[in-house]
file model.txt (compact mmCIF, C-alpha atoms)
# COMPACT_ATOMS: atom_id res chain seq x y z
CA MET A 111 -17.61 16.42 -12.73
CA TRP A 112 -21.08 17.22 -11.43
CA LYS A 113 -22.41 16.63 -14.98
CA PHE A 114 -21.58 12.94 -14.80
CA ILE A 115 -23.37 12.23 -11.53
CA GLN A 116 -27.11 11.75 -11.76
CA GLY A 117 -29.29 14.03 -9.67
CA VAL A 118 -26.60 16.65 -8.93
CA LYS A 119 -27.30 20.24 -9.90
CA ASN A 120 -24.81 22.81 -11.08
CA PRO A 121 -23.05 24.15 -7.93
CA GLU A 122 -22.66 27.60 -9.52
CA GLU A 123 -26.44 27.91 -9.83
CA ASN A 124 -26.88 26.97 -6.17
CA ALA A 125 -24.28 29.53 -5.12
CA SER A 126 -25.95 32.32 -7.07
CA LYS A 127 -29.31 31.55 -5.43
CA ARG A 128 -27.88 31.93 -1.90
CA ARG A 129 -28.07 35.37 -0.36
CA LYS A 130 -24.72 37.05 0.28
CA ILE A 131 -24.15 38.20 3.87
CA THR A 132 -22.56 41.63 4.34
CA THR A 133 -19.79 42.21 6.86
CA GLU A 134 -22.14 44.28 9.03
CA GLU A 135 -24.67 41.46 9.13
CA ALA A 136 -21.96 38.96 10.01
CA LYS A 137 -20.66 41.24 12.77
CA HIS A 138 -24.18 41.67 14.17
CA ARG A 139 -24.73 37.91 14.02
CA ASP A 140 -21.48 37.25 15.92
CA GLU A 141 -22.27 39.89 18.57
CA THR A 142 -25.74 38.44 19.10
CA TYR A 143 -24.26 34.96 19.50
CA GLU A 144 -21.70 36.22 22.04
CA LYS A 145 -24.33 38.05 24.12
CA GLU A 146 -27.25 35.66 24.05
CA LYS A 147 -26.07 32.12 23.40
CA ARG A 148 -22.44 31.73 24.35
CA THR A 149 -21.43 31.20 27.95
CA ARG A 150 -17.72 31.57 28.58
CA LYS A 151 -16.02 29.66 31.38
CA PHE A 152 -12.54 29.60 32.82
CA GLN A 153 -10.41 26.88 31.23
CA ASN A 154 -7.95 25.15 33.57
CA SER A 155 -5.60 24.63 30.62
CA TRP A 156 -4.94 28.39 30.61
CA GLN A 157 -3.02 27.98 33.86
CA SER A 158 -0.34 25.72 32.37
CA GLY A 159 2.83 27.76 32.09
CA ARG A 160 1.17 30.65 33.92
CA SER A 161 1.78 30.15 37.63
CA TRP A 162 0.61 33.71 38.26
CA LEU A 163 -2.93 33.08 36.92
CA VAL A 164 -5.38 32.17 39.68
CA TYR A 165 -9.08 31.42 39.28
CA ASP A 166 -11.54 31.89 42.14
CA PRO A 167 -14.66 29.80 41.46
CA GLU A 168 -16.63 31.49 44.26
CA THR A 169 -16.38 34.97 42.75
CA ASN A 170 -15.95 33.63 39.19
CA VAL A 171 -12.94 35.85 38.44
CA MET A 172 -9.32 35.26 37.45
CA THR A 173 -6.48 37.33 38.89
CA CYS A 174 -2.76 37.81 38.38
CA THR A 175 -0.95 37.23 41.67
CA VAL A 176 2.28 39.04 40.73
CA CYS A 177 0.46 42.14 39.47
CA ALA A 178 -1.77 42.14 42.56
CA LYS A 179 1.40 42.05 44.68
CA TYR A 180 3.56 44.62 42.87
CA ASP A 181 1.46 46.75 40.49
CA PRO A 182 0.05 49.82 42.28
CA THR A 183 -2.39 50.68 39.50
CA PRO A 184 -5.68 48.80 39.66
CA GLY A 185 -6.51 46.86 36.53
CA PRO A 186 -8.70 43.98 35.44
CA PHE A 187 -6.23 41.29 36.47
CA VAL A 188 -5.40 43.03 39.75
CA ASN A 189 -9.01 43.41 40.87
CA GLY A 190 -10.22 40.26 39.12
CA SER A 191 -11.35 39.73 35.54
CA SER A 192 -14.38 37.81 34.34
CA ASN A 193 -13.43 38.23 30.69
CA PHE A 194 -12.79 34.55 30.06
CA ARG A 195 -10.94 34.76 26.78
CA LEU A 196 -7.49 33.47 26.05
CA ASN A 197 -6.84 36.67 24.11
CA SER A 198 -7.34 38.80 27.24
CA ILE A 199 -4.88 36.64 29.20
CA GLN A 200 -2.31 36.86 26.41
CA LYS A 201 -2.69 40.66 26.23
CA HIS A 202 -2.15 40.92 29.97
CA GLU A 203 0.84 38.60 29.75
CA CYS A 204 2.46 40.87 27.13
CA SER A 205 1.73 44.13 28.98
CA GLU A 206 4.67 46.14 30.30
CA SER A 207 3.27 46.33 33.83
CA HIS A 208 2.95 42.53 34.00
CA LYS A 209 6.49 41.99 32.66
CA TRP A 210 7.81 44.45 35.25
CA SER A 211 5.92 42.69 38.06
CA VAL A 212 7.22 39.27 36.97
CA LYS A 213 10.82 40.53 36.87
CA ARG A 214 10.44 42.08 40.31
CA ASP A 215 8.99 38.85 41.68
CA GLU A 216 11.84 36.81 40.17
CA GLY A 217 14.35 39.23 41.69
CA GLU A 218 12.83 38.91 45.16
CA ARG A 219 12.68 35.12 44.99
CA ALA A 220 16.25 34.76 43.73
CA LYS A 221 18.97 33.88 46.21
CA PRO A 222 21.26 36.77 47.15
CA GLY A 223 24.00 37.23 44.59
CA THR A 224 22.29 35.20 41.85
CA SER A 225 20.17 37.91 40.23
CA VAL A 226 21.35 39.61 37.04
CA ALA A 227 21.79 42.92 38.87
CA ALA A 228 23.88 41.36 41.63
CA LYS A 229 26.11 39.58 39.10
CA THR A 230 26.59 42.83 37.16
CA VAL A 231 27.57 44.74 40.30
CA GLN A 232 29.91 41.91 41.27
CA THR A 233 31.58 42.06 37.84
CA LEU A 234 31.93 45.84 38.05
CA ASN A 235 33.36 45.58 41.56
CA THR A 236 35.88 42.98 40.38
CA ALA A 237 37.00 45.23 37.51
CA LEU A 238 37.28 48.24 39.82
CA PHE A 239 39.20 46.20 42.39
CA ASP A 240 41.68 45.08 39.71
CA LYS A 241 42.25 48.68 38.60
CA LEU A 242 42.74 49.92 42.15
CA THR A 243 45.16 47.06 42.87
CA LYS A 244 47.36 48.19 39.98
CA LEU A 245 47.24 51.81 41.16
CA PHE A 246 48.18 50.82 44.73
CA ARG A 247 51.11 48.76 43.46
CA SER A 248 52.39 51.80 41.56
CA ALA A 249 51.92 54.03 44.62
CA HIS A 250 53.66 51.49 46.85
CA ALA A 251 56.60 51.26 44.45
CA MET A 252 56.95 55.07 44.42
CA ALA A 253 56.90 55.25 48.23
CA LYS A 254 59.40 52.39 48.56
CA LYS A 255 61.87 54.03 46.13
CA ALA A 256 61.33 57.47 47.72
CA ARG A 257 60.02 59.02 44.54
CA PRO A 258 57.90 62.19 44.72
CA PHE A 259 54.12 61.76 44.38
CA THR A 260 54.18 64.10 41.39
CA ASP A 261 55.75 61.24 39.41
CA PHE A 262 52.57 59.19 39.94
CA VAL A 263 50.77 60.83 36.98
CA TRP A 264 53.74 60.05 34.74
CA LEU A 265 53.84 56.43 35.99
CA CYS A 266 50.07 56.01 35.31
CA GLU A 267 50.55 57.31 31.77
CA LEU A 268 53.41 54.87 31.30
CA ASP A 269 51.25 51.96 32.52
CA GLU A 270 48.52 53.00 30.09
CA MET A 271 51.02 53.08 27.20
CA LYS A 272 52.07 49.55 28.12
CA GLY A 273 48.44 48.46 27.77
CA VAL A 274 47.68 48.12 31.48
CA ASP A 275 44.07 49.09 32.21
CA ILE A 276 44.15 51.34 35.28
CA GLY A 277 41.00 53.37 34.65
CA ARG A 278 40.55 57.15 34.64
CA THR A 279 40.11 57.76 38.39
CA TYR A 280 42.71 58.29 41.15
CA ARG A 281 45.38 59.33 38.67
CA ASN A 282 46.76 62.54 40.14
CA ASP A 283 49.30 63.32 42.85
CA LYS A 284 46.65 64.70 45.24
CA GLN A 285 44.56 61.51 45.37
CA ILE A 286 47.54 59.22 45.89
CA SER A 287 48.62 60.76 49.16
call {"tool": "encode", "arguments": {"input": "model.txt", "output": "structure tokens"}}
result
Amino acid sequence: MWKFIQGVKNPEENASKRRKITTEEAKHRDETYEKEKRTRKFQNSWQSGRSWLVYDPETNVMTCTVCAKYDPTPGPFVNGSSNFRLNSIQKHECSESHKWSVKRDEGERAKPGTSVAAKTVQTLNTALFDKLTKLFRSAHAMAKKARPFTDFVWLCELDEMKGVDIGRTYRNDKQIS
């Protein structure tokens, strides 16, 4: 196509005349630019979706409030970081210590009984309560009919054969009395 336009030279000739830059030269050029010419600043847009990220314009550092509160090991976002790169914030956000601090903060701010741990314990307690209720009914029936407590083991085995979930604890004649 370049042949049909007047005054345009062959692009392949122009490309061969240009000097090729090596990867080392490109790396050196980028490092020089970062050190001498580029000035990085905190971007307020980084705070959207990150309520834990706080910027202090007086000291010119950004900190992570949840890590400062819960993480005992000092780090750049606990003491204050002046590395104003989105990449450094994303790395901190994905770190295990930050995730742990966020979960701990969410657990403390949650209303009693609404956290995942509280719901799990509540579910386990409900299941245990149901099993103990069935065992007490069996023990009550044995006492009411004047049966010996040694029959309790047999009665628990019978309940299990019927498909009643009574658990593996409190199933001997010593624990019933």
call {"tool": "atom_distance", "arguments": {"input": "model.txt", "atom1": "CA of Glu216 (chain A)", "atom2": "CA of Phe152 (chain A)"}}
result
26.5 Å
call {"tool": "closest_residue", "arguments": {"input": "model.txt", "among": "A:Tyr165, A:Ser211, A:Gln200, A:Ser205", "to": "Tyr180 (chain A)", "atoms": "all atoms listed in the file"}}
result
A:Ser211
call {"tool": "closest_residue", "arguments": {"input": "model.txt", "among": "A:Asp166, A:Glu134, A:Asp275, A:Glu218", "to": "Leu242 (chain A)", "atoms": "all atoms listed in the file"}}
result
A:Asp275
call {"tool": "closest_residue", "arguments": {"input": "model.txt", "among": "A:Lys151, A:Arg247, A:His138, A:Lys254", "to": "Phe194 (chain A)", "atoms": "only C-alpha atoms"}}
result
A:Lys151
call {"tool": "residues_around", "arguments": {"input": "model.txt", "residues": "Val164 (chain A)", "least_positions_apart": "2", "cutoff": "10 Å", "atoms": "only C-alpha atoms", "output": "JSON, numbers by chain"}}
result
{"A": [154, 156, 157, 160, 161, 162, 166, 167, 171, 172, 173, 174, 175, 187, 190]}
call {"tool": "build_atoms", "arguments": {"input": "model.txt", "residues": "region 232-245 of chain A", "atoms": "N, CA, C and O atoms", "output": "compact mmCIF listing (two decimals), in the coordinates of the input"}}
result
# COMPACT_ATOMS: atom_id res chain seq x y z
N GLN A 232 28.75 42.71 40.88
CA GLN A 232 29.91 41.91 41.27
C GLN A 232 31.01 42.01 40.19
O GLN A 232 32.20 42.15 40.51
N THR A 233 30.61 41.95 38.94
CA THR A 233 31.58 42.06 37.84
C THR A 233 32.22 43.44 37.82
O THR A 233 33.43 43.57 37.65
N LEU A 234 31.39 44.48 38.02
CA LEU A 234 31.93 45.84 38.05
C LEU A 234 32.87 46.02 39.24
O LEU A 234 33.92 46.66 39.11
N ASN A 235 32.50 45.48 40.38
CA ASN A 235 33.36 45.58 41.56
C ASN A 235 34.69 44.87 41.33
O ASN A 235 35.73 45.34 41.77
N THR A 236 34.65 43.72 40.67
CA THR A 236 35.88 42.98 40.38
C THR A 236 36.79 43.80 39.47
O THR A 236 38.00 43.89 39.69
N ALA A 237 36.22 44.42 38.44
CA ALA A 237 37.00 45.23 37.51
C ALA A 237 37.59 46.44 38.23
O ALA A 237 38.77 46.78 38.05
N LEU A 238 36.79 47.09 39.08
CA LEU A 238 37.28 48.24 39.82
C LEU A 238 38.38 47.83 40.81
O LEU A 238 39.40 48.52 40.96
N PHE A 239 38.19 46.70 41.45
CA PHE A 239 39.20 46.20 42.39
C PHE A 239 40.53 45.94 41.68
O PHE A 239 41.59 46.26 42.20
N ASP A 240 40.46 45.35 40.48
CA ASP A 240 41.68 45.08 39.71
C ASP A 240 42.41 46.38 39.35
O ASP A 240 43.64 46.46 39.46
N LYS A 241 41.64 47.39 38.95
CA LYS A 241 42.25 48.68 38.60
C LYS A 241 42.90 49.33 39.81
O LYS A 241 44.02 49.85 39.74
N LEU A 242 42.19 49.31 40.95
CA LEU A 242 42.74 49.92 42.15
C LEU A 242 43.97 49.16 42.65
O LEU A 242 44.92 49.77 43.18
N THR A 243 43.99 47.85 42.48
CA THR A 243 45.16 47.06 42.87
C THR A 243 46.39 47.51 42.09
O THR A 243 47.48 47.67 42.66
N LYS A 244 46.23 47.74 40.81
CA LYS A 244 47.36 48.19 39.98
C LYS A 244 47.82 49.58 40.39
O LYS A 244 49.03 49.85 40.45
N LEU A 245 46.87 50.46 40.72
CA LEU A 245 47.24 51.81 41.16
C LEU A 245 47.98 51.76 42.50
O LEU A 245 48.96 52.49 42.71
